[in-house]
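Shown next: model_21.tsv, given as TSV, C-alpha atoms and all ligand atoms.
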chain	number	residue	atom	x	y	z
A	1	MET	CA	-84.10	55.77	-101.47
A	2	LYS	CA	-82.94	57.55	-98.32
A	3	LYS	CA	-84.94	59.09	-95.52
A	4	GLU	CA	-84.26	60.85	-92.25
A	5	ARG	CA	-84.30	58.75	-89.06
A	6	MET	CA	-87.62	57.32	-88.01
A	7	ASP	CA	-89.42	58.44	-84.88
A	8	MET	CA	-90.22	55.99	-82.08
A	9	THR	CA	-93.09	54.30	-83.86
A	10	LEU	CA	-92.87	51.45	-86.32
A	11	LYS	CA	-95.37	51.99	-89.12
A	12	ASN	CA	-96.53	48.70	-90.48
A	13	GLY	CA	-96.32	48.16	-94.21
A	14	GLU	CA	-94.26	51.28	-94.89
A	15	ILE	CA	-90.69	51.18	-96.15
A	16	TRP	CA	-88.38	50.97	-93.15
A	17	TYR	CA	-84.92	52.50	-93.14
A	18	ASP	CA	-81.79	51.80	-91.16
A	19	THR	CA	-80.03	54.55	-89.20
A	20	GLN	CA	-78.00	55.48	-92.28
A	21	GLY	CA	-81.19	56.05	-94.23
A	22	ASN	CA	-80.91	52.95	-96.40
A	23	VAL	CA	-83.85	50.62	-96.94
A	24	LEU	CA	-83.79	47.89	-94.31
A	25	HIS	CA	-83.56	44.44	-95.91
A	26	ALA	CA	-84.07	41.65	-93.38
A	27	HIS	CA	-86.90	39.62	-94.89
A	28	GLY	CA	-88.06	36.24	-93.61
A	29	GLY	CA	-85.68	36.82	-90.74
A	30	HIS	CA	-85.16	36.53	-87.05
A	31	ILE	CA	-84.19	38.71	-84.08
A	32	LEU	CA	-81.68	37.45	-81.53
A	33	LEU	CA	-81.16	39.21	-78.20
A	34	HIS	CA	-77.55	38.93	-77.10
A	35	GLU	CA	-75.97	40.83	-74.21
A	36	GLY	CA	-78.62	43.54	-74.26
A	37	VAL	CA	-78.52	44.12	-78.02
A	38	TYR	CA	-81.15	42.98	-80.51
A	39	TYR	CA	-79.70	41.61	-83.76
A	40	TRP	CA	-82.04	41.42	-86.72
A	41	TYR	CA	-80.93	38.94	-89.39
A	42	GLY	CA	-82.81	38.53	-92.63
A	43	GLU	CA	-82.81	37.96	-96.34
A	44	ASN	CA	-81.27	40.59	-98.57
A	45	ARG	CA	-81.23	39.70	-102.26
A	46	LEU	CA	-79.33	42.70	-103.56
A	47	GLU	CA	-76.10	42.13	-105.50
A	48	ASP	CA	-74.05	39.29	-103.98
A	49	ILE	CA	-75.77	39.44	-100.59
A	50	TYR	CA	-77.80	36.68	-98.92
A	51	VAL	CA	-78.20	37.71	-95.27
A	52	SER	CA	-77.81	41.13	-93.65
A	53	CYS	CA	-77.62	41.97	-89.97
A	54	TYR	CA	-78.77	45.09	-88.15
A	55	SER	CA	-78.65	45.93	-84.45
A	56	SER	CA	-80.80	47.95	-82.09
A	57	THR	CA	-81.26	48.55	-78.40
A	58	ASP	CA	-84.64	50.30	-78.67
A	59	LEU	CA	-86.20	48.06	-81.37
A	60	VAL	CA	-86.90	51.12	-83.51
A	61	HIS	CA	-83.56	52.44	-84.72
A	62	TRP	CA	-81.76	49.69	-86.62
A	63	THR	CA	-78.10	50.12	-87.45
A	64	PHE	CA	-76.68	48.17	-90.35
A	65	LEU	CA	-73.75	46.03	-89.20
A	66	ASN	CA	-72.73	43.66	-91.97
A	67	HIS	CA	-73.80	41.49	-94.84
A	68	VAL	CA	-73.08	38.37	-92.80
A	69	LEU	CA	-73.63	35.81	-95.57
A	70	THR	CA	-72.78	36.54	-99.20
A	71	MET	CA	-71.72	34.75	-102.38
A	72	ARG	CA	-68.15	35.21	-101.14
A	73	SER	CA	-68.62	33.74	-97.67
A	74	PRO	CA	-65.81	31.45	-96.58
A	75	ALA	CA	-66.59	27.75	-96.38
A	76	ARG	CA	-65.57	25.24	-93.77
A	77	GLU	CA	-64.48	21.78	-94.78
A	78	ASN	CA	-67.04	19.49	-93.28
A	79	ARG	CA	-67.52	15.81	-93.95
A	80	VAL	CA	-71.24	15.74	-93.19
A	81	ARG	CA	-72.37	18.22	-95.85
A	82	GLY	CA	-72.55	18.25	-99.63
A	83	ASP	CA	-71.92	21.63	-101.24
A	84	LEU	CA	-69.52	24.13	-99.74
A	85	LYS	CA	-70.12	26.97	-102.15
A	86	LEU	CA	-72.75	29.63	-101.97
A	87	THR	CA	-72.96	29.82	-105.76
A	88	ASN	CA	-74.63	27.59	-108.32
A	89	GLN	CA	-72.88	25.57	-111.06
A	90	ASN	CA	-72.58	28.68	-113.22
A	91	GLY	CA	-71.16	30.76	-110.43
A	92	GLY	CA	-74.48	32.56	-110.02
A	93	ARG	CA	-76.70	33.11	-107.01
A	94	VAL	CA	-78.28	30.37	-105.01
A	95	ASN	CA	-81.38	31.10	-102.98
A	96	ILE	CA	-81.12	31.55	-99.23
A	97	GLU	CA	-84.39	31.98	-97.36
A	98	ARG	CA	-85.57	32.41	-93.78
A	99	PRO	CA	-82.19	32.69	-92.01
A	100	LYS	CA	-82.40	32.22	-88.22
A	101	VAL	CA	-79.57	32.61	-85.72
A	102	LEU	CA	-79.03	31.28	-82.20
A	103	TYR	CA	-76.13	31.79	-79.82
A	104	ASN	CA	-74.58	28.59	-78.52
A	105	GLU	CA	-73.31	28.98	-74.95
A	106	LYS	CA	-71.11	25.89	-75.11
A	107	THR	CA	-69.17	26.77	-78.26
A	108	LYS	CA	-69.60	30.57	-77.91
A	109	GLN	CA	-70.64	30.60	-81.54
A	110	PHE	CA	-73.52	32.15	-83.43
A	111	VAL	CA	-75.18	29.47	-85.50
A	112	MET	CA	-77.33	30.24	-88.53
A	113	TRP	CA	-79.78	27.82	-90.11
A	114	MET	CA	-81.57	28.61	-93.34
A	115	HIS	CA	-83.45	27.21	-96.32
A	116	TYR	CA	-81.16	26.55	-99.28
A	117	GLU	CA	-82.13	26.27	-102.96
A	118	ASN	CA	-79.76	26.19	-105.92
A	119	GLY	CA	-82.41	26.59	-108.62
A	120	THR	CA	-85.68	28.43	-109.09
A	121	ASP	CA	-88.07	25.48	-108.75
A	122	TYR	CA	-87.53	24.80	-105.04
A	123	SER	CA	-86.65	21.16	-105.78
A	124	CYS	CA	-83.42	21.27	-103.78
A	125	ALA	CA	-85.40	21.62	-100.51
A	126	ALA	CA	-82.37	21.62	-98.22
A	127	ALA	CA	-81.26	23.19	-94.96
A	128	ALA	CA	-77.91	24.96	-94.62
A	129	VAL	CA	-75.76	25.97	-91.67
A	130	ALA	CA	-73.22	28.74	-91.07
A	131	THR	CA	-71.38	29.87	-87.95
A	132	CYS	CA	-69.52	32.89	-86.63
A	133	ASP	CA	-67.60	33.87	-83.48
A	134	THR	CA	-69.34	37.23	-83.31
A	135	PRO	CA	-72.97	38.19	-83.90
A	136	ALA	CA	-72.39	40.20	-87.04
A	137	GLY	CA	-69.09	38.96	-88.42
A	138	ASP	CA	-68.57	37.10	-91.69
A	139	PHE	CA	-70.34	33.79	-91.19
A	140	VAL	CA	-68.52	30.64	-92.31
A	141	TYR	CA	-70.64	28.40	-94.51
A	142	HIS	CA	-70.88	24.72	-93.52
A	143	GLY	CA	-72.85	23.50	-96.55
A	144	SER	CA	-76.38	22.34	-97.22
A	145	PHE	CA	-78.09	19.00	-96.68
A	146	ARG	CA	-81.43	17.29	-96.23
A	147	PRO	CA	-81.82	16.19	-92.60
A	148	TYR	CA	-81.92	12.37	-92.71
A	149	GLY	CA	-82.76	12.73	-96.40
A	150	HIS	CA	-85.98	14.66	-95.73
A	151	MET	CA	-86.95	17.65	-97.83
A	152	SER	CA	-86.55	20.84	-95.84
A	153	ARG	CA	-88.02	24.18	-96.95
A	154	ASP	CA	-89.54	26.97	-94.80
A	155	CYS	CA	-87.83	26.75	-91.44
A	156	THR	CA	-87.22	28.19	-88.02
A	157	LEU	CA	-84.99	27.71	-84.98
A	158	PHE	CA	-86.15	27.57	-81.40
A	159	ALA	CA	-84.00	27.57	-78.27
A	160	ASP	CA	-85.65	26.00	-75.25
A	161	SER	CA	-84.16	26.21	-71.75
A	162	ASP	CA	-81.90	23.20	-72.29
A	163	ARG	CA	-81.85	22.24	-75.97
A	164	ALA	CA	-82.60	23.81	-79.35
A	165	TYR	CA	-84.70	22.68	-82.29
A	166	PHE	CA	-84.84	23.19	-86.05
A	167	LEU	CA	-88.27	22.99	-87.63
A	168	SER	CA	-88.91	22.80	-91.35
A	169	ALA	CA	-91.58	21.99	-93.89
A	170	SER	CA	-90.97	18.54	-95.34
A	171	ARG	CA	-92.43	16.12	-97.93
A	172	ASP	CA	-93.17	18.89	-100.44
A	173	ASN	CA	-94.43	21.00	-97.53
A	174	ALA	CA	-97.11	18.47	-96.55
A	175	ASP	CA	-95.64	17.83	-93.08
A	176	MET	CA	-93.85	19.95	-90.51
A	177	HIS	CA	-90.74	18.33	-89.04
A	178	MET	CA	-89.05	19.18	-85.78
A	179	TYR	CA	-85.42	18.15	-85.22
A	180	LEU	CA	-83.56	18.23	-81.94
A	181	LEU	CA	-80.20	19.90	-82.57
A	182	GLN	CA	-76.86	18.60	-81.43
A	183	GLU	CA	-75.51	20.42	-78.40
A	184	ASP	CA	-73.34	22.62	-80.65
A	185	TYR	CA	-76.42	23.44	-82.80
A	186	GLN	CA	-74.46	22.55	-85.95
A	187	ASN	CA	-76.30	19.39	-86.93
A	188	VAL	CA	-79.55	17.58	-86.21
A	189	GLU	CA	-79.43	14.94	-83.49
A	190	LYS	CA	-82.79	13.31	-84.04
A	191	LEU	CA	-86.12	13.78	-85.73
A	192	SER	CA	-88.24	14.66	-82.70
A	193	GLY	CA	-91.57	14.92	-84.40
A	194	ALA	CA	-93.61	15.29	-87.58
A	195	PHE	CA	-96.78	17.33	-87.26
A	196	TRP	CA	-99.94	17.98	-89.21
A	197	SER	CA	-99.62	15.53	-92.07
A	198	ASN	CA	-100.99	16.95	-95.33
A	199	GLU	CA	-101.81	20.32	-93.76
A	200	TYR	CA	-99.13	22.09	-95.84
A	201	ARG	CA	-97.98	24.52	-93.19
A	202	GLU	CA	-95.15	26.92	-93.98
A	203	ALA	CA	-93.34	29.83	-92.31
A	204	PRO	CA	-93.16	28.26	-88.82
A	205	ALA	CA	-92.56	30.58	-85.85
A	206	LEU	CA	-92.32	29.30	-82.29
A	207	VAL	CA	-92.56	31.04	-78.96
A	208	LYS	CA	-92.74	29.94	-75.34
A	209	LYS	CA	-94.97	31.67	-72.82
A	210	ASP	CA	-95.48	30.58	-69.20
A	211	GLY	CA	-94.36	27.04	-69.91
A	212	ALA	CA	-96.54	26.60	-73.03
A	213	TYR	CA	-95.22	26.51	-76.58
A	214	TYR	CA	-97.12	28.14	-79.43
A	215	ILE	CA	-96.27	27.57	-83.08
A	216	PHE	CA	-97.63	29.89	-85.76
A	217	SER	CA	-97.54	29.06	-89.46
A	218	SER	CA	-99.05	29.92	-92.82
A	219	PHE	CA	-100.56	27.79	-95.55
A	220	CYS	CA	-98.71	27.34	-98.87
A	221	THR	CA	-99.65	30.05	-101.35
A	222	GLY	CA	-96.20	31.33	-102.34
A	223	TRP	CA	-95.83	35.07	-101.86
A	224	ALA	CA	-99.58	35.59	-101.48
A	225	PRO	CA	-100.69	35.85	-97.84
A	226	ASN	CA	-103.17	33.42	-96.30
A	227	GLN	CA	-104.71	32.43	-92.96
A	228	CYS	CA	-102.23	32.00	-90.12
A	229	LYS	CA	-102.92	29.11	-87.77
A	230	TYR	CA	-101.34	28.13	-84.50
A	231	GLY	CA	-101.01	25.12	-82.26
A	232	ARG	CA	-100.19	24.95	-78.58
A	233	THR	CA	-98.55	22.38	-76.36
A	234	ASP	CA	-97.02	22.07	-72.92
A	235	CYS	CA	-94.47	19.55	-74.20
A	236	LEU	CA	-92.71	19.82	-77.54
A	237	GLU	CA	-92.34	16.09	-77.97
A	238	LYS	CA	-96.13	15.61	-77.67
A	239	GLY	CA	-96.98	17.64	-80.77
A	240	PHE	CA	-98.96	20.84	-81.07
A	241	GLY	CA	-102.54	19.62	-81.09
A	242	LEU	CA	-105.22	21.19	-83.22
A	243	LEU	CA	-104.51	23.99	-85.63
A	244	ARG	CA	-106.48	27.07	-84.72
A	245	LYS	CA	-107.03	30.16	-86.86
A	246	VAL	CA	-105.57	33.47	-85.79
A	247	GLY	CA	-105.90	36.84	-87.54
A	248	ASP	CA	-107.98	37.17	-90.68
A	249	GLU	CA	-107.88	35.17	-93.92
A	250	THR	CA	-104.70	36.92	-95.09
A	251	THR	CA	-103.25	37.43	-91.57
A	252	TYR	CA	-103.67	41.14	-92.28
A	253	HIS	CA	-101.68	40.74	-95.47
A	254	SER	CA	-98.65	39.03	-93.97
A	255	GLN	CA	-96.83	35.75	-93.45
A	256	PRO	CA	-95.04	34.84	-90.19
A	257	ALA	CA	-91.30	35.50	-89.97
A	258	PHE	CA	-90.81	35.01	-86.20
A	259	ILE	CA	-92.22	35.90	-82.81
A	260	LEU	CA	-90.29	38.51	-80.86
A	261	THR	CA	-90.32	38.34	-77.06
A	262	VAL	CA	-89.50	41.58	-75.27
A	263	ALA	CA	-88.91	40.89	-71.58
A	264	GLY	CA	-88.85	44.29	-69.88
A	265	THR	CA	-88.70	45.55	-66.33
A	266	GLU	CA	-92.51	45.86	-66.10
A	267	THR	CA	-93.90	43.27	-68.45
A	268	THR	CA	-93.10	40.81	-71.20
A	269	SER	CA	-94.58	41.56	-74.60
A	270	TYR	CA	-94.91	39.30	-77.61
A	271	ILE	CA	-94.84	40.59	-81.15
A	272	TYR	CA	-95.84	38.75	-84.30
A	273	VAL	CA	-93.30	39.83	-86.92
A	274	GLY	CA	-94.54	39.15	-90.43
A	275	ASP	CA	-93.39	39.74	-93.96
A	276	ARG	CA	-95.68	41.63	-96.27
A	277	TRP	CA	-94.18	40.22	-99.45
A	278	ASP	CA	-94.31	41.89	-102.81
A	279	GLY	CA	-94.24	38.91	-105.16
A	280	ARG	CA	-93.72	41.09	-108.25
A	281	ASP	CA	-90.94	43.18	-106.77
A	282	TYR	CA	-89.26	41.25	-103.96
A	283	HIS	CA	-87.21	44.27	-102.83
A	284	ASN	CA	-90.39	46.20	-102.23
A	285	SER	CA	-91.49	43.69	-99.57
A	286	ARG	CA	-92.38	45.22	-96.20
A	287	TYR	CA	-92.66	44.22	-92.53
A	288	VAL	CA	-95.49	44.19	-90.04
A	289	TRP	CA	-95.11	43.99	-86.27
A	290	PHE	CA	-98.39	43.16	-84.56
A	291	PRO	CA	-98.99	42.70	-80.81
A	292	LEU	CA	-99.56	39.05	-79.98
A	293	VAL	CA	-101.80	38.47	-76.99
A	294	PHE	CA	-102.20	35.17	-75.18
A	295	HIS	CA	-105.35	34.53	-73.18
A	296	GLU	CA	-105.67	32.39	-70.09
A	297	ASP	CA	-107.72	29.79	-71.98
A	298	GLY	CA	-104.68	29.12	-74.18
A	299	SER	CA	-105.91	31.07	-77.18
A	300	ALA	CA	-103.81	33.62	-79.05
A	301	LYS	CA	-104.79	36.82	-80.79
A	302	ILE	CA	-102.88	38.92	-83.33
A	303	ILE	CA	-103.88	42.57	-83.07
A	304	HIS	CA	-104.10	44.29	-86.43
A	305	CYS	CA	-102.49	47.69	-86.02
A	306	SER	CA	-101.14	50.39	-88.30
A	307	GLU	CA	-98.31	51.34	-85.96
A	308	ILE	CA	-96.68	50.03	-82.84
A	309	GLU	CA	-94.43	51.53	-80.20
A	310	ILE	CA	-92.39	49.25	-77.97
A	311	ASP	CA	-90.53	50.33	-74.86
A	312	ALA	CA	-87.55	48.00	-74.90
A	313	VAL	CA	-86.78	48.85	-71.25
A	314	THR	CA	-90.18	48.32	-69.63
A	315	GLY	CA	-91.47	45.85	-72.22
A	316	ARG	CA	-94.68	47.82	-72.64
A	317	MET	CA	-96.15	48.37	-76.07
A	318	GLU	CA	-98.76	50.68	-77.51
A	319	TRP	CA	-100.40	50.54	-80.88
A	320	VAL	CA	-102.91	52.15	-83.17
A	321	GLU	CA	-105.47	49.48	-83.90
A	322	CYS	CA	-106.91	49.14	-87.39
A	323	GLU	CA	-110.67	49.17	-87.72
A	324	ARG	CA	-112.20	46.15	-89.38
B	401	LIG	C1	-93.44	31.23	-99.45
B	401	LIG	C2	-92.32	31.02	-98.47
B	401	LIG	C3	-91.28	32.07	-98.74
B	401	LIG	C4	-90.83	31.91	-100.18
B	401	LIG	C5	-92.02	32.02	-101.11
B	401	LIG	C6	-91.64	31.83	-102.56
B	401	LIG	O1	-94.48	30.32	-99.26
B	401	LIG	O2	-92.80	31.11	-97.17
B	401	LIG	O3	-90.21	31.91	-97.83
B	401	LIG	O4	-90.22	30.67	-100.36
B	401	LIG	O5	-92.99	31.07	-100.76
B	401	LIG	O6	-92.76	31.74	-103.37
How would this structure read if it were set down as structure tokens?
Ligand code: GAL
Amino acid sequence: MKKERMDMTLKNGEIWYDTQGNVLHAHGGHILLHEGVYYWYGENRLEDIYVSCYSSTDLVHWTFLNHVLTMRSPARENRVRGDLKLTNQNGGRVNIERPKVLYNEKTKQFVMWMHYENGTDYSCAAAAVATCDTPAGDFVYHGSFRPYGHMSRDCTLFADSDRAYFLSASRDNADMHMYLLQEDYQNVEKLSGAFWSNEYREAPALVKKDGAYYIFSSFCTGWAPNQCKYGRTDCLEKGFGLLRKVGDETTYHSQPAFILTVAGTETTSYIYVGDRWDGRDYHNSRYVWFPLVFHEDGSAKIIHCSEIEIDAVTGRMEWVECER
């Protein structure tokens, strides 16, 4: 279905289109800011596609760039990984979820981490890595693996000032693991922490504000939304403390994808980007972008709004709040 270009407001829960008028498919994804351009990577399950990439400078108009990971993606010989094919034993699709991309200054490479499954029962529970020299080129697949043998499902990446981390749900989702990445971001260097044993947190999303780290996550109810909770710490290695509720019992009908930081000339804004999944028709899944406000006492609030307007230059945002 095609539509004319959108105006300057993002309307939560509606179908969003790219600048060519095609439905925007970047589910469970991540936005990377690189040299003044925002790149939105996310799941696309149409045809032979796994991950698509769009770009924007105003955070409203998204231009399709490339299907950066597909069933035909080239593979790199790599001794530390198992599979090197992005197809299953029958040549069919595997399942790639929650792709996240960071830029590595040392290697000048874009590094993607994702959740990999080669069947429908989620028993594979592996992480996979791919790299590219450009933000939206054809990523080269490095294979999938379980970090130190641990199950690894819903995941995220987080770049701190000096090092980067991969976080994923482990032990059948019971625990959240955090791995320090090697300096090239292409492998894990150590298991830095395991948090919230038996809490079954999924969909992790991390953000840093004024020296404090906040991690948002959902509970495990498949495609059905549930209560988002967050933890806060001033040191990643110490753990994230108590889980605190944020938003309502369905997180306004969404599950975290990532937290977007917009550092403008006047202010820095934080946006909770969530997926509003359609479990019966995956391709009908939508997005929500909600303002995320941090209070001085260390608490966080997700503002339920029907639409949001972000000024990518000043960093200011406006929204139409939902009544509840
Ligand atoms: C969710 C998870 C999604 C997807 C879904 C499948 O809990 O966050 O990424 O795996 O389950 O049911």
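You will find atom CA of Arg232 of chain A at 25.5 Å from atom CA of Ile310 of chain A.
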For ligand LIG 401 (chain B), collect every residue having any atom at a distance of at most 9 Å from a ligand atom (counting all atoms listed in the file); output as a list in words.
His27, Gly28, Glu97, Arg98, His115, Tyr122, Arg153, Asp154, Cys155, Glu202, Ala203, Pro204, Ser218, Phe219, Cys220, Thr221, Gly222, Trp223, Ala224, Pro225, Gln255, Pro256, Ala257, Trp277 and Gly279 of chain A
Would you give me, as CSV, each residue of segment 191-269 of chain A having an atom within 12 Å of an atom of segment 281-299 of chain A, along with its shortest atom pair and that distance in Å to one decimal, using only C-alpha atoms and sorting by chain and residue number?
residue,atom,partner,partner_atom,distance
A:Val207,CA,A:Leu292,CA,10.7
A:Lys208,CA,A:Phe294,CA,10.8
A:Lys209,CA,A:Phe294,CA,8.4
A:Asp210,CA,A:Phe294,CA,10.1
A:Gly211,CA,A:Gly298,CA,11.4
A:Ala212,CA,A:Gly298,CA,8.6
A:Tyr213,CA,A:Gly298,CA,10.1
A:Tyr214,CA,A:Gly298,CA,9.3
A:Ile215,CA,A:Ser299,CA,11.8
A:Phe216,CA,A:Leu292,CA,11.0
A:Trp223,CA,A:Tyr282,CA,9.3
A:Ala224,CA,A:Ser285,CA,11.6
A:Lys229,CA,A:Ser299,CA,11.2
A:Tyr230,CA,A:Ser299,CA,9.1
A:Gly231,CA,A:Ser299,CA,9.2
A:Arg232,CA,A:Gly298,CA,7.5
A:Thr233,CA,A:Gly298,CA,9.4
A:Asp234,CA,A:Gly298,CA,10.5
A:Gly241,CA,A:Gly298,CA,11.9
A:Leu242,CA,A:Ser299,CA,11.6
A:Leu243,CA,A:Ser299,CA,11.1
A:Arg244,CA,A:Ser299,CA,8.6
A:Lys245,CA,A:Ser299,CA,9.8
A:Val246,CA,A:Ser299,CA,8.9
A:Gly247,CA,A:Leu292,CA,10.1
A:Thr251,CA,A:Phe290,CA,10.3
A:Tyr252,CA,A:Val288,CA,9.0
A:His253,CA,A:Val288,CA,8.9
A:Ser254,CA,A:Val288,CA,7.2
A:Gln255,CA,A:Val288,CA,9.2
A:Pro256,CA,A:Val288,CA,9.4
A:Ala257,CA,A:Tyr287,CA,9.2
A:Phe258,CA,A:Trp289,CA,10.0
A:Ile259,CA,A:Leu292,CA,8.5
A:Leu260,CA,A:Trp289,CA,9.1
A:Thr261,CA,A:Leu292,CA,9.7
A:Val262,CA,A:Pro291,CA,11.0
A:Thr268,CA,A:Val293,CA,10.7
A:Ser269,CA,A:Pro291,CA,7.7
Near-Glu237 of chain A list (12 Å; all atoms listed in the file; drop same-chain fewer than 4 positions) as a PyMOL selection string: chain A and resi 165+177-180+190-195+213+232-233+241
Dump as a PDB file, in the coordinates of the input, selection limited to C-alpha atoms:
ATOM      1  CA  TYR A 165     -84.700  22.680 -82.290  1.00  0.00           C
ATOM      2  CA  HIS A 177     -90.740  18.330 -89.040  1.00  0.00           C
ATOM      3  CA  MET A 178     -89.050  19.180 -85.780  1.00  0.00           C
ATOM      4  CA  TYR A 179     -85.420  18.150 -85.220  1.00  0.00           C
ATOM      5  CA  LEU A 180     -83.560  18.230 -81.940  1.00  0.00           C
ATOM      6  CA  LYS A 190     -82.790  13.310 -84.040  1.00  0.00           C
ATOM      7  CA  LEU A 191     -86.120  13.780 -85.730  1.00  0.00           C
ATOM      8  CA  SER A 192     -88.240  14.660 -82.700  1.00  0.00           C
ATOM      9  CA  GLY A 193     -91.570  14.920 -84.400  1.00  0.00           C
ATOM     10  CA  ALA A 194     -93.610  15.290 -87.580  1.00  0.00           C
ATOM     11  CA  PHE A 195     -96.780  17.330 -87.260  1.00  0.00           C
ATOM     12  CA  TYR A 213     -95.220  26.510 -76.580  1.00  0.00           C
ATOM     13  CA  ARG A 232    -100.190  24.950 -78.580  1.00  0.00           C
ATOM     14  CA  THR A 233     -98.550  22.380 -76.360  1.00  0.00           C
ATOM     15  CA  GLY A 241    -102.540  19.620 -81.090  1.00  0.00           C
TER      16      GLY A 241
END
Shortest contact to Arg316 of chain A, candidates A:Asp184, A:Asp58, A:Glu14, A:Asp248, atoms counted all atoms listed in the file, goes to A:Asp58
Enter the distance from atom CA of Tyr54 of chain A to atom CA of Gly274 of chain A, in Å, rounded to one decimal.
->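 Separation between atom CA of Tyr54 of chain A and atom CA of Gly274 of chain A: 17.0 Å.
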- Query: Near Phe139 of chain A, within 7 Å and counting all atoms listed in the file, which residues show up once chain neighbours fewer than 6 positions away are dropped, as a PyMOL selection string?
  - Reply: chain A and resi 68-69+73+130-132
Excluding Cys53 of chain A and residues on its chain fewer than 6 positions from it, collect all residues at most 12 Å away from it, counting all atoms listed in the file, and give them as a PyMOL selection string.
chain A and resi 18+24-27+29-32+38-44+62-70+99-101+112+134-139
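Note that atom CA of Met151 of chain A and atom CA of Asp172 of chain A are 6.9 Å apart.
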Each segment 81-111 of chain A residue no farther than 10 Å from segment 141-150 of chain A, nearest pair in Å, only C-alpha atoms, as a Markdown table:
| residue | atom | partner | partner_atom | distance |
| --- | --- | --- | --- | --- |
| A:Arg81 | CA | A:Gly143 | CA | 5.3 |
| A:Gly82 | CA | A:Gly143 | CA | 6.1 |
| A:Asp83 | CA | A:Gly143 | CA | 5.1 |
| A:Leu84 | CA | A:Gly143 | CA | 4.7 |
| A:Lys85 | CA | A:Gly143 | CA | 7.1 |
| A:Leu86 | CA | A:Tyr141 | CA | 7.8 |
Discussion item. Please list as JSON, numbers by chain every residue within 7 Å of Ile96 of chain A, counting all atoms listed in the file and excluding residues in the same chain fewer than 2 positions away.
Written reply: {"A": [50, 94, 114, 115, 116, 117]}
Taking into account all atoms listed in the file, which residue in the set A:Leu59, A:Leu206, A:Met71, A:Val80 is nearest to Glu47 of chain A?
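Distance minimum relative to Glu47 of chain A lands on A:Met71.
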- For each of A:His61, A:Asp175, A:Gln109, A:Glu266, take the minimum atom-to-atom distance to Trp16 of chain A, counting only C-alpha atoms, then give the residue where this is smallest.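 Counting only C-alpha atoms, the residue closest to Trp16 of chain A is A:His61.
Between Ala126 of chain A and the residues A:Ser168, A:Thr107, A:Thr156, A:Gln89, the shortest atom-to-atom distance, using only C-alpha atoms, involves A:Ser168.
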Residues within 8 Å of Thr57 of chain A, only C-alpha atoms, excluding chain neighbours under 5 positions, as a count of residues only: 4
